[in-house]
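Engineer: Structure supplied as my_file11.txt; contents: compact mmCIF, C-alpha atoms (C1' of nucleotides).
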```txt
# COMPACT_ATOMS: atom_id res chain seq x y z
CA MET A 184 -10.41 35.21 -5.16
CA PRO A 185 -7.16 36.68 -3.88
CA PRO A 186 -8.35 39.17 -1.30
CA SER A 187 -5.89 41.83 -2.26
CA SER A 188 -4.45 41.70 -5.70
CA PRO A 189 -3.05 45.07 -6.60
CA THR A 190 -1.90 43.56 -9.85
CA THR A 191 -3.85 42.37 -12.83
CA SER A 192 -4.61 38.96 -11.39
CA ALA A 193 -8.19 39.00 -12.52
CA VAL A 194 -9.01 35.51 -11.38
CA ALA A 195 -11.65 34.60 -13.89
CA PRO A 196 -14.59 32.41 -12.92
CA ALA A 197 -12.50 29.58 -14.23
CA SER A 198 -13.96 28.60 -17.52
CA ALA A 199 -13.33 31.09 -20.28
CA GLN A 200 -9.65 31.64 -19.63
CA GLN A 201 -6.70 29.59 -20.73
CA ASP A 202 -5.58 26.58 -18.80
CA ARG A 203 -4.90 27.32 -15.20
CA VAL A 204 -2.72 25.05 -13.16
CA ASP A 205 -5.50 24.34 -10.71
CA ASP A 206 -6.69 20.84 -10.02
CA GLY A 207 -10.25 21.47 -8.96
CA VAL A 208 -9.71 22.43 -5.36
CA GLY A 209 -9.60 26.14 -5.89
CA ARG A 210 -11.92 26.75 -3.01
CA PHE A 211 -8.97 26.13 -0.68
CA GLN A 212 -6.92 28.96 -2.09
CA GLN A 213 -8.17 31.40 0.49
CA THR A 214 -7.21 29.33 3.49
CA PRO A 215 -4.33 30.53 5.64
CA LEU A 216 -2.20 27.57 4.67
CA ALA A 217 -2.53 28.36 0.99
CA GLN A 218 -1.03 31.80 1.62
CA GLU A 219 2.11 30.56 3.32
CA VAL A 220 5.26 30.87 1.31
CA ALA A 221 6.41 27.55 2.73
CA PHE A 222 3.35 25.86 1.31
CA LEU A 223 3.63 27.63 -2.02
CA THR A 224 7.29 26.73 -2.48
CA ALA A 225 6.55 23.13 -1.59
CA ARG A 226 3.83 23.03 -4.18
CA ALA A 227 5.97 24.75 -6.79
CA ARG A 228 8.73 22.29 -6.16
CA VAL A 229 6.49 19.24 -6.49
CA ARG A 230 4.96 20.46 -9.73
CA GLY A 231 8.25 21.65 -11.16
CA ASN A 232 9.96 18.40 -10.31
CA ALA A 233 7.24 16.30 -11.86
CA LEU A 234 7.29 18.27 -15.06
CA ALA A 235 11.06 18.29 -15.33
CA ASN A 236 11.26 14.56 -14.66
CA GLU A 237 8.75 14.00 -17.39
CA LEU A 238 10.64 16.06 -19.94
CA LEU A 239 13.92 14.42 -18.94
CA SER A 240 12.60 10.89 -19.06
CA ASP A 241 13.62 10.19 -22.64
CA LEU A 242 17.21 10.95 -21.66
CA ASP A 243 16.96 8.46 -18.80
CA LEU A 244 17.60 11.27 -16.33
CA LYS A 245 15.81 12.69 -13.34
CA VAL A 246 16.30 16.09 -11.79
CA ARG A 247 18.59 14.91 -9.02
CA PRO A 248 21.14 13.24 -11.27
CA PHE A 249 20.70 16.16 -13.64
CA ALA A 250 21.64 18.58 -10.91
CA VAL A 251 24.77 16.59 -10.14
CA LEU A 252 25.69 16.47 -13.79
CA ALA A 253 25.06 20.18 -14.14
CA MET A 254 27.46 20.92 -11.32
CA ALA A 255 30.07 18.62 -12.81
CA CYS A 256 29.71 20.55 -16.07
CA SER A 257 29.83 23.95 -14.43
CA GLY A 258 33.57 24.38 -14.47
CA THR A 259 33.62 24.92 -10.72
CA ASN A 260 35.11 21.49 -10.00
CA PRO A 261 33.09 20.71 -6.90
CA SER A 262 34.12 18.04 -4.43
CA GLN A 263 31.52 15.54 -3.37
CA ARG A 264 31.08 17.22 -0.03
CA GLU A 265 30.63 20.64 -1.57
CA LEU A 266 28.09 19.23 -3.95
CA GLY A 267 26.19 17.63 -1.11
CA ASP A 268 26.14 20.88 0.82
CA PHE A 269 24.94 22.82 -2.18
CA LEU A 270 22.24 20.39 -3.21
CA ASP A 271 21.14 19.52 0.32
CA LEU A 272 22.21 15.91 -0.03
CA ASP A 273 23.64 13.57 2.55
CA PRO A 274 27.17 12.39 1.69
CA SER A 275 25.88 8.87 1.24
CA GLN A 276 23.33 10.06 -1.27
CA VAL A 277 26.08 11.80 -3.21
CA VAL A 278 28.04 8.57 -3.36
CA ALA A 279 25.09 6.70 -4.83
CA LEU A 280 24.31 9.42 -7.35
CA VAL A 281 27.90 9.78 -8.48
CA ASP A 282 28.34 6.02 -8.69
CA ARG A 283 25.56 5.72 -11.24
CA LEU A 284 26.66 8.71 -13.28
CA GLU A 285 30.23 7.50 -13.33
CA GLU A 286 29.17 4.01 -14.45
CA ARG A 287 27.23 5.72 -17.17
CA GLY A 288 30.39 7.46 -18.25
CA VAL A 289 29.17 11.02 -18.00
CA LEU A 290 31.38 12.16 -15.18
CA GLN A 291 34.43 11.06 -13.25
CA ARG A 292 35.89 11.28 -9.78
CA GLU A 293 39.36 12.76 -9.61
CA PRO A 294 41.44 12.93 -6.47
CA ASP A 295 41.95 16.47 -5.34
CA PRO A 296 45.72 17.03 -5.48
CA ARG A 297 45.40 19.56 -2.65
CA ASP A 298 43.53 17.17 -0.37
CA ARG A 299 43.67 13.51 -1.19
CA ARG A 300 40.66 12.76 0.98
CA SER A 301 38.28 14.57 -1.29
CA LYS A 302 37.27 13.80 -4.85
CA ILE A 303 36.55 16.33 -7.51
CA LEU A 304 33.76 15.77 -9.98
CA THR A 305 34.34 16.47 -13.64
CA ALA A 306 32.12 15.83 -16.64
CA THR A 307 33.31 13.75 -19.56
CA GLU A 308 32.72 14.78 -23.15
CA ALA A 309 29.69 12.47 -23.19
CA GLY A 310 28.56 14.12 -20.01
CA ARG A 311 28.71 17.57 -21.54
CA GLU A 312 26.70 16.40 -24.50
CA LEU A 313 24.08 14.84 -22.27
CA TYR A 314 23.95 17.97 -20.19
CA ALA A 315 23.41 20.13 -23.24
CA GLN A 316 20.40 18.07 -24.23
CA ALA A 317 19.07 17.87 -20.70
CA ALA A 318 19.42 21.60 -20.13
CA GLU A 319 17.18 22.25 -23.12
CA ARG A 320 14.50 20.18 -21.46
CA THR A 321 14.80 21.76 -18.04
CA HIS A 322 14.63 25.16 -19.66
CA GLU A 323 11.48 24.06 -21.42
CA ALA A 324 10.10 22.88 -18.08
CA GLU A 325 10.95 26.21 -16.53
CA ALA A 326 9.29 28.06 -19.38
CA GLN A 327 6.12 26.08 -18.85
CA THR A 328 6.21 26.57 -15.11
CA LEU A 329 6.58 30.31 -15.49
CA GLN A 330 4.25 30.73 -18.43
CA GLY A 331 1.84 32.84 -16.40
CA LEU A 332 4.49 35.43 -15.64
CA THR A 333 5.89 38.24 -17.72
CA PRO A 334 9.65 38.25 -18.32
CA ALA A 335 10.00 40.99 -15.74
CA GLU A 336 8.05 38.97 -13.21
CA ARG A 337 10.21 35.94 -13.88
CA ASP A 338 13.32 37.91 -13.11
CA GLN A 339 11.66 39.31 -10.01
CA LEU A 340 10.73 35.87 -8.78
CA ARG A 341 14.23 34.59 -9.38
CA GLU A 342 15.79 37.48 -7.53
CA LEU A 343 13.46 37.14 -4.58
CA LEU A 344 14.10 33.43 -4.31
CA ILE A 345 17.83 33.99 -4.52
CA LYS A 346 17.55 36.44 -1.64
CA ILE A 347 15.85 33.95 0.62
CA VAL A 348 17.87 30.83 -0.15
CA TYR A 349 21.41 32.18 -0.14
CA MET B 246 26.17 19.95 19.44
CA PRO B 247 24.05 23.11 19.67
CA PRO B 248 22.05 23.44 16.49
CA SER B 249 23.68 26.55 15.20
CA SER B 250 26.89 28.12 16.25
CA PRO B 251 27.40 31.55 14.76
CA THR B 252 28.67 30.39 11.41
CA THR B 253 31.99 31.98 10.85
CA SER B 254 31.84 31.25 7.15
CA ALA B 255 32.36 34.77 5.93
CA VAL B 256 32.22 33.52 2.40
CA ALA B 257 30.64 36.31 0.48
CA PRO B 258 32.90 38.62 -1.46
CA ALA B 259 32.90 41.25 1.22
CA SER B 260 30.02 43.17 -0.22
CA ALA B 261 27.75 45.27 1.86
CA GLN B 262 25.05 42.85 2.97
CA GLN B 263 24.14 41.43 6.32
CA ASP B 264 24.60 37.80 7.35
CA ARG B 265 23.63 35.50 4.54
CA VAL B 266 22.12 32.07 4.69
CA ASP B 267 24.99 30.59 2.75
CA ASP B 268 26.71 27.38 3.74
CA GLY B 269 30.15 27.93 2.35
CA VAL B 270 29.59 27.00 -1.25
CA GLY B 271 28.86 30.46 -2.53
CA ARG B 272 31.14 29.99 -5.47
CA PHE B 273 28.43 27.87 -7.07
CA GLN B 274 25.86 30.63 -7.06
CA GLN B 275 26.72 31.77 -10.55
CA THR B 276 26.33 28.38 -12.18
CA PRO B 277 23.37 27.88 -14.51
CA LEU B 278 21.74 25.43 -12.15
CA ALA B 279 21.77 27.91 -9.32
CA GLN B 280 19.74 30.34 -11.43
CA GLU B 281 16.94 27.94 -12.20
CA VAL B 282 13.68 28.62 -10.43
CA ALA B 283 13.18 24.88 -10.06
CA PHE B 284 16.42 24.62 -8.14
CA LEU B 285 15.69 27.68 -6.04
CA THR B 286 12.24 26.49 -5.03
CA ALA B 287 13.62 23.07 -4.15
CA ARG B 288 16.20 24.71 -1.94
CA ALA B 289 13.67 27.04 -0.37
CA ARG B 290 11.41 24.13 0.35
CA VAL B 291 14.14 22.05 2.01
CA ARG B 292 15.27 24.93 4.20
CA GLY B 293 11.77 26.06 5.03
CA ASN B 294 10.67 22.58 5.90
CA ALA B 295 13.62 21.94 8.15
CA LEU B 296 13.11 25.17 10.04
CA ALA B 297 9.37 24.68 10.42
CA ASN B 298 9.83 21.11 11.61
CA GLU B 299 12.29 22.33 14.17
CA LEU B 300 9.97 25.01 15.50
CA LEU B 301 7.06 22.57 15.56
CA SER B 302 8.95 19.80 17.29
CA ASP B 303 7.90 20.71 20.82
CA LEU B 304 4.28 20.31 19.74
CA ASP B 305 5.08 16.85 18.39
CA LEU B 306 4.09 17.99 14.92
CA LYS B 307 5.75 18.11 11.54
CA VAL B 308 4.74 20.23 8.59
CA ARG B 309 2.81 17.52 6.81
CA PRO B 310 0.47 16.72 9.67
CA PHE B 311 0.31 20.43 10.36
CA ALA B 312 -0.90 21.08 6.84
CA VAL B 313 -3.62 18.47 7.24
CA LEU B 314 -4.68 19.95 10.54
CA ALA B 315 -4.68 23.42 9.05
CA MET B 316 -7.05 22.33 6.33
CA ALA B 317 -9.30 20.61 8.85
CA CYS B 318 -9.40 23.88 10.76
CA SER B 319 -10.03 26.02 7.72
CA GLY B 320 -13.78 25.78 7.69
CA THR B 321 -13.76 24.44 4.15
CA ASN B 322 -14.61 20.90 5.18
CA PRO B 323 -12.35 19.10 2.76
CA SER B 324 -12.82 15.46 1.91
CA GLN B 325 -9.78 13.24 2.06
CA ARG B 326 -9.47 13.15 -1.70
CA GLU B 327 -9.67 16.91 -1.99
CA LEU B 328 -7.07 17.26 0.67
CA GLY B 329 -4.78 14.86 -1.14
CA ASP B 330 -5.19 16.75 -4.38
CA PHE B 331 -4.48 20.05 -2.71
CA LEU B 332 -1.46 18.91 -0.74
CA ASP B 333 -0.06 16.66 -3.48
CA LEU B 334 -0.49 13.55 -1.40
CA ASP B 335 -1.42 10.06 -2.49
CA PRO B 336 -4.74 8.86 -1.04
CA SER B 337 -2.90 6.24 0.98
CA GLN B 338 -0.72 8.91 2.52
CA VAL B 339 -3.80 10.85 3.49
CA VAL B 340 -5.20 7.81 5.25
CA ALA B 341 -2.04 7.38 7.30
CA LEU B 342 -1.84 11.05 8.18
CA VAL B 343 -5.49 11.30 9.15
CA ASP B 344 -5.29 8.06 11.16
CA ARG B 345 -2.62 9.48 13.41
CA LEU B 346 -4.30 12.84 13.84
CA GLU B 347 -7.61 11.20 14.60
CA GLU B 348 -6.03 8.89 17.17
CA ARG B 349 -4.54 11.99 18.67
CA GLY B 350 -8.00 13.47 18.93
CA VAL B 351 -7.40 16.64 16.97
CA LEU B 352 -9.63 15.91 14.03
CA GLN B 353 -12.35 13.54 13.00
CA ARG B 354 -13.67 11.86 9.90
CA GLU B 355 -17.33 12.45 9.15
CA PRO B 356 -19.26 10.78 6.41
CA ASP B 357 -20.32 13.20 3.74
CA PRO B 358 -24.13 13.14 3.72
CA ARG B 359 -24.07 14.03 0.03
CA ASP B 360 -21.74 11.19 -0.90
CA ARG B 361 -21.30 8.41 1.54
CA ARG B 362 -18.10 7.25 -0.12
CA SER B 363 -16.17 10.27 0.95
CA LYS B 364 -15.22 11.46 4.41
CA ILE B 365 -15.07 15.02 5.51
CA LEU B 366 -12.35 16.20 7.84
CA THR B 367 -13.19 18.41 10.76
CA ALA B 368 -11.03 19.66 13.60
CA THR B 369 -11.98 19.05 17.19
CA GLU B 370 -11.71 21.73 19.84
CA ALA B 371 -8.35 20.25 20.86
CA GLY B 372 -7.37 20.37 17.23
CA ARG B 373 -8.16 24.05 16.94
CA GLU B 374 -6.12 24.77 20.02
CA LEU B 375 -3.18 22.80 18.70
CA TYR B 376 -3.49 24.54 15.37
CA ALA B 377 -3.44 27.95 17.01
CA GLN B 378 -0.18 27.14 18.73
CA ALA B 379 1.33 25.52 15.68
CA ALA B 380 0.38 28.42 13.41
CA GLU B 381 2.36 30.75 15.64
CA ARG B 382 5.40 28.63 15.05
CA THR B 383 5.00 28.33 11.31
CA HIS B 384 4.53 32.07 11.10
CA GLU B 385 7.72 32.47 13.04
CA ALA B 386 9.43 30.11 10.61
CA GLU B 387 8.09 32.10 7.71
CA ALA B 388 9.29 35.32 9.26
CA GLN B 389 12.78 33.91 9.60
CA THR B 390 12.78 32.53 6.08
CA LEU B 391 11.76 35.89 4.67
CA GLN B 392 13.85 38.03 6.96
CA GLY B 393 15.98 39.28 4.07
CA LEU B 394 12.96 40.74 2.29
CA THR B 395 11.04 43.93 2.85
CA PRO B 396 7.31 43.60 3.54
CA ALA B 397 6.60 44.69 -0.03
CA GLU B 398 8.95 42.07 -1.37
CA ARG B 399 7.30 39.41 0.74
CA ASP B 400 3.93 40.25 -0.75
CA GLN B 401 5.46 40.25 -4.20
CA LEU B 402 7.00 36.84 -3.69
CA ARG B 403 3.75 35.45 -2.41
CA GLU B 404 1.79 36.81 -5.35
CA LEU B 405 4.29 35.50 -7.88
CA LEU B 406 4.29 32.05 -6.33
CA ILE B 407 0.51 32.01 -6.28
CA LYS B 408 0.49 32.79 -9.98
CA ILE B 409 2.70 29.88 -10.85
CA VAL B 410 1.21 27.21 -8.60
CA TYR B 411 -2.49 27.77 -9.12
C1' DA C 275 54.74 12.44 16.53
C1' DC C 276 50.33 12.69 18.25
C1' DC C 277 45.38 14.12 18.31
C1' DA C 278 41.31 15.67 16.61
C1' DA C 279 38.78 16.69 12.56
C1' DT C 280 37.34 15.93 7.69
C1' DC C 281 36.31 13.21 3.46
C1' DA C 282 34.23 9.42 1.05
C1' DT C 283 32.19 5.17 1.77
C1' DT C 284 29.32 1.42 3.60
C1' DG C 285 25.40 -0.42 5.80
C1' DA C 286 21.31 -0.22 8.59
C1' DC C 287 17.25 1.93 9.31
C1' DT C 288 13.19 5.11 8.89
C1' DT C 289 10.28 7.90 6.25
C1' DT C 290 8.12 9.06 2.07
C1' DC C 291 6.38 7.90 -2.45
C1' DT C 292 4.04 5.05 -5.90
C1' DC C 293 0.86 1.62 -7.36
C1' DA C 294 -2.27 -2.08 -7.69
C1' DA C 295 -6.21 -4.44 -5.52
C1' DT C 296 -10.58 -4.28 -2.80
C1' DG C 297 -15.19 -3.10 -0.72
C1' DT C 298 -18.46 0.43 -0.77
C1' DT C 299 -21.17 3.89 -2.92
C1' DA C 300 -22.54 6.90 -6.78
C1' DT C 301 -23.77 7.84 -11.68
C1' DC C 302 -25.60 6.83 -15.90
C1' DA C 303 -27.99 4.24 -19.39
C1' DA C 304 -30.80 0.50 -20.96
C1' DT D 144 -35.03 -1.74 -11.88
C1' DT D 145 -30.97 -3.51 -13.33
C1' DG D 146 -26.31 -3.50 -14.83
C1' DA D 147 -22.01 -1.34 -16.17
C1' DT D 148 -18.64 2.03 -15.03
C1' DA D 149 -16.28 5.04 -12.15
C1' DA D 150 -15.03 7.48 -7.70
C1' DC D 151 -13.82 7.12 -2.71
C1' DA D 152 -11.24 5.35 1.23
C1' DT D 153 -8.44 1.71 2.59
C1' DT D 154 -4.83 -1.89 2.64
C1' DG D 155 -0.56 -3.72 1.52
C1' DA D 156 3.67 -4.24 -1.22
C1' DG D 157 7.59 -2.37 -3.13
C1' DA D 158 10.70 1.49 -4.64
C1' DA D 159 12.80 5.74 -3.72
C1' DA D 160 14.56 9.14 -0.68
C1' DG D 161 16.30 10.67 3.60
C1' DT D 162 18.88 9.90 8.20
C1' DC D 163 22.51 8.25 10.94
C1' DA D 164 26.43 5.83 12.92
C1' DA D 165 30.84 3.53 12.01
C1' DT D 166 35.22 3.13 9.31
C1' DG D 167 39.67 3.84 6.70
C1' DA D 168 42.39 7.32 4.69
C1' DT D 169 44.17 11.81 5.07
C1' DT D 170 44.77 16.39 6.88
C1' DG D 171 46.04 20.17 10.03
C1' DG D 172 47.38 21.74 14.35
C1' DT D 173 50.13 21.40 18.59
```
Before we go any further, please render this structure as structure tokens.
Structural biologist:
Amino acid sequence: MPPSSPTTSAVAPASAQQDRVDDGVGRFQQTPLAQEVAFLTARARVRGNALANELLSDLDLKVRPFAVLAMACSGTNPSQRELGDFLDLDPSQVVALVDRLEERGVLQREPDPRDRRSKILTATEAGRELYAQAAERTHEAEAQTLQGLTPAERDQLRELLIKIVY
Amino acid sequence: MPPSSPTTSAVAPASAQQDRVDDGVGRFQQTPLAQEVAFLTARARVRGNALANELLSDLDLKVRPFAVLAMACSGTNPSQRELGDFLDLDPSQVVALVDRLEERGVLQREPDPRDRRSKILTATEAGRELYAQAAERTHEAEAQTLQGLTPAERDQLRELLIKIVY
DNA sequence: ACCAATCATTGACTTTCTCAATGTTATCAA
DNA sequence: TTGATAACATTGAGAAAGTCAATGATTGGT
């Protein structure tokens, strides 16, 4: 059990309660590694990604292309380099991602009039429609991921993460 | 080039805060994507991993092998399958990881007397020494990652993450 | 006008992930 | 006991993701 849980985390003897996320290796939860934020974020990311990919699969989308599409729909008109910086992608990865989405007709490259080296990403109408549908699914994924938290805790978590990643 | 020159990117709308982690694309922080916990954890994981790998590099370790070593040192005597489940690794990845660490002499496979199919991982004395040094570095990485948070906030973040991943 | 730097792109390469097949061992039922 | 089924570690193949250097076009600075 969590050595110090000032909160209500009454870790039940895992049977009566609702479905926990655990996978049967709960006896490792007290190890030092399992307490590291780096480990916890890695785990959260793997689980979150898997779930989101699953919910997006019927739209023939995964979270990476979704993220690119989302930025193209954001109204911020990112260049490919900016997008790569923001999403932690190598420029060559951005090229590949954008290629596929452009072939699919959901976004387009437009030369930046202020700097003809760079290309601005914009969503098409079809892209905005796809994004609307996809966003529903990622929100559903997020809701499932955060189901164990109260609304206040969700906001807290978001704020704390924002503080450490920006 | 030296890893980090003092980034002159004074991007933030000159608010009050100290030096941020930002990379010059702060104008995207208000987009819907940037508010998603899934996105934030992905970002935290990338940054955290990169930093930890850097700090571990002089020990010829990366975070994945470190995690395996940490579990071998934990006293919980995990089998390879359990370790894979806990660290979200495919069994074949576990084999490769354990192979290298065993060749290096920091851990060993031992047949489980209760089930001769499975193999229990145990750290050697050299392994425990390596782990001690490596843990210092990952703690340092964690400290840097969380430098923008108060101690109370760090505990909060940890507790919230634990709730969503277990 | 020149020089160095930046952007998108390509291609090569490494690392990581995913999956199916296999030999060994365990579990359960007839 | 025997036989069927499943779990474990391992191998190997293939896909996906990440890393890196080189290049042409364009920019900004001097």
Engineer: Give me, as a tab-separated table, the closest atom pair and its distance (Å, one decimal) for every residue of chain D within a cut-off of 10 Å of chain B, counting all atoms listed in the file, rows sorted by chain and rising number.
Structural biologist:
```
residue	atom	partner	partner_atom	distance
D:DA150	C1'	B:Arg362	CA	8.2
D:DC151	C1'	B:Arg362	CA	5.0
D:DA152	C1'	B:Ser363	CA	7.0
D:DT153	C1'	B:Ser337	CA	7.3
D:DT154	C1'	B:Ser337	CA	8.5
```
Engineer: Between CA of Met254 (chain A) and CA of Ala309 (chain A), what is the distance, to one decimal in Å?
Structural biologist: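 Distance between the two atoms: 14.7 Å.
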Engineer: Define the interface residues of chain C facing chain A as those within 10 Å, counting all atoms listed in the file, and report them as an NGL selection string.
Structural biologist: :C and (280-284)
Engineer: Tell me which protein, DNA and RNA residues are within 8 Å of region 285-293 of chain C, counting only C-alpha atoms (C1' of nucleotides), leaving out same-chain ones fewer than 4 positions away, and put them as a list in words.
Structural biologist: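 Counting only the stated atoms, we get DA158, DA159, DA160, DG161 and DT162 of chain D.
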Engineer: For Thr328 (chain A), which of B:Ala287, B:Leu332, B:Val351, B:Ile409 is the closest residue, counting only C-alpha atoms?
Structural biologist: B:Ile409
Engineer: Write out, as CSV, each residue of chain A that has an atom at most 8 Å from chain B, together with the closest pair of atoms and their distance in Å to one decimal, counting all atoms listed in the file, rows going by chain and rising number.
Structural biologist:
```
residue,atom,partner,partner_atom,distance
A:Ser188,CA,B:Glu404,CA,7.9
A:Arg203,CA,B:Tyr411,CA,6.6
A:Val204,CA,B:Tyr411,CA,4.9
A:Asp205,CA,B:Tyr411,CA,4.8
A:Asp206,CA,B:Asp330,CA,7.1
A:Val208,CA,B:Phe331,CA,6.3
A:Gly209,CA,B:Tyr411,CA,8.0
A:Arg210,CA,B:Thr321,CA,7.7
A:Phe211,CA,B:Thr321,CA,7.0
A:Thr214,CA,B:Ser319,CA,6.1
A:Pro215,CA,B:Ser319,CA,7.6
A:Leu216,CA,B:Ala315,CA,6.5
A:Gln218,CA,B:Arg403,CA,7.2
A:Glu219,CA,B:Glu387,CA,7.6
A:Val220,CA,B:Arg403,CA,6.1
A:Ala221,CA,B:Gly293,CA,6.0
A:Leu223,CA,B:Leu406,CA,6.2
A:Thr224,CA,B:Thr286,CA,5.6
A:Ala225,CA,B:Arg290,CA,5.3
A:Arg226,CA,B:Val410,CA,6.6
A:Ala227,CA,B:Val410,CA,5.7
A:Arg228,CA,B:Ala287,CA,5.3
A:Val229,CA,B:Asp333,CA,7.7
A:Arg230,CA,B:Val410,CA,7.8
A:Gly231,CA,B:Ala283,CA,6.0
A:Asn232,CA,B:Ala283,CA,7.2
A:Ala250,CA,B:Leu278,CA,7.0
A:Ala253,CA,B:Leu278,CA,6.5
A:Met254,CA,B:Leu278,CA,7.3
A:Ser257,CA,B:Thr276,CA,6.1
A:Thr259,CA,B:Phe273,CA,7.0
A:Glu265,CA,B:Val270,CA,6.5
A:Asp268,CA,B:Asp268,CA,7.1
A:Phe269,CA,B:Val270,CA,6.3
A:Leu270,CA,B:Arg288,CA,7.5
A:Asp271,CA,B:Arg288,CA,7.5
A:Glu325,CA,B:Ala283,CA,7.0
A:Thr328,CA,B:Ile409,CA,6.4
A:Leu329,CA,B:Ile409,CA,6.1
A:Gln330,CA,B:Ile409,CA,7.8
A:Gly331,CA,B:Ile409,CA,6.3
A:Leu332,CA,B:Lys408,CA,7.4
A:Glu336,CA,B:Leu405,CA,7.4
A:Leu340,CA,B:Leu402,CA,6.4
A:Arg341,CA,B:Val282,CA,6.1
A:Leu343,CA,B:Leu402,CA,6.5
A:Leu344,CA,B:Leu285,CA,6.2
A:Ile345,CA,B:Leu285,CA,6.8
A:Lys346,CA,B:Gly393,CA,6.6
A:Ile347,CA,B:Leu391,CA,6.1
A:Val348,CA,B:Ala289,CA,5.7
A:Tyr349,CA,B:Asp267,CA,4.9
```
Engineer: What gap, in Å, lies between CA of Leu238 (chain A) and CA of Glu285 (chain A)?
Structural biologist: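 Going from CA of Leu238 (chain A) over to CA of Glu285 (chain A) covers 22.4 Å.
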Engineer: Report, in Å to a single decimal, how far apart CA of Glu374 (chain B) and CA of Asp357 (chain B) are.
Structural biologist: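 Between these atoms lies a distance of 24.5 Å.
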Engineer: Of the candidates A:Glu293, A:Asn236, A:Asp273, A:Ala315, which one gets nearest to DC163 (chain D) if we count only C-alpha atoms (C1' of nucleotides)?
Structural biologist: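 With only C-alpha atoms (C1' of nucleotides) as the atom set, the closest residue is A:Asp273.
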Engineer: Considering only C-alpha atoms (C1' of nucleotides), return as a PyMOL selection string whatever protein or nucleic-acid residues lie within 10 Å of DA149 (chain D), sequence-local ones (same chain, fewer than 2 positions apart) excluded.
Structural biologist: (chain C and resi 300-301) or (chain D and resi 147+151)
Engineer: Just want the 7 Å neighbourhood of Arg354 (chain B), counted on all atoms listed in the file, with same-chain residues fewer than 3 positions away dropped. Output as a PyMOL selection string.
Structural biologist: chain B and resi 364-367
Engineer: Which polymer residues have any atom within 12 Å of an atom of DG172 (chain D), counting only C-alpha atoms (C1' of nucleotides), with same-chain residues fewer than 6 positions away left out, as a PyMOL selection string?
Structural biologist: chain C and resi 276-279
Engineer: Taking 5 positions as the minimum chain separation for residues in the same chain, which residues sit within 12 Å of DA294 (chain C) when counting all atoms listed in the file? Answer as a list in words.
Structural biologist: DT154, DG155, DA156 and DG157 of chain D
Engineer: Model the absent atoms of region 355-367 of chain B so that N, CA and C atoms are present, and write the result as a CSV table (one decimal), keeping the file's coordinate frame.
Structural biologist:
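Contents of rebuild11.csv, as written:
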```csv
chain,number,residue,atom,x,y,z
B,355,GLU,N,-15.9,12.5,9.2
B,355,GLU,CA,-17.3,12.4,9.2
B,355,GLU,C,-17.8,12.1,7.8
B,356,PRO,N,-18.7,11.2,7.7
B,356,PRO,CA,-19.3,10.8,6.4
B,356,PRO,C,-20.0,12.0,5.8
B,357,ASP,N,-19.7,12.1,4.5
B,357,ASP,CA,-20.3,13.2,3.7
B,357,ASP,C,-21.8,12.8,3.4
B,358,PRO,N,-22.7,13.5,3.9
B,358,PRO,CA,-24.1,13.1,3.7
B,358,PRO,C,-24.5,13.1,2.2
B,359,ARG,N,-23.8,13.9,1.5
B,359,ARG,CA,-24.1,14.0,0.0
B,359,ARG,C,-23.4,12.9,-0.8
B,360,ASP,N,-22.4,12.3,-0.2
B,360,ASP,CA,-21.7,11.2,-0.9
B,360,ASP,C,-21.1,10.3,0.1
B,361,ARG,N,-21.8,9.2,0.4
B,361,ARG,CA,-21.3,8.4,1.5
B,361,ARG,C,-20.0,7.7,1.3
B,362,ARG,N,-19.4,7.8,0.1
B,362,ARG,CA,-18.1,7.2,-0.1
B,362,ARG,C,-17.0,8.1,0.5
B,363,SER,N,-17.2,9.4,0.5
B,363,SER,CA,-16.2,10.3,1.0
B,363,SER,C,-16.3,10.7,2.4
B,364,LYS,N,-15.2,11.1,3.0
B,364,LYS,CA,-15.2,11.5,4.4
B,364,LYS,C,-14.7,12.9,4.6
B,365,ILE,N,-15.4,13.6,5.3
B,365,ILE,CA,-15.1,15.0,5.5
B,365,ILE,C,-14.2,15.2,6.8
B,366,LEU,N,-13.2,16.0,6.7
B,366,LEU,CA,-12.4,16.2,7.8
B,366,LEU,C,-12.7,17.5,8.6
B,367,THR,N,-12.8,17.3,9.9
B,367,THR,CA,-13.2,18.4,10.8
B,367,THR,C,-12.3,18.4,12.0
```
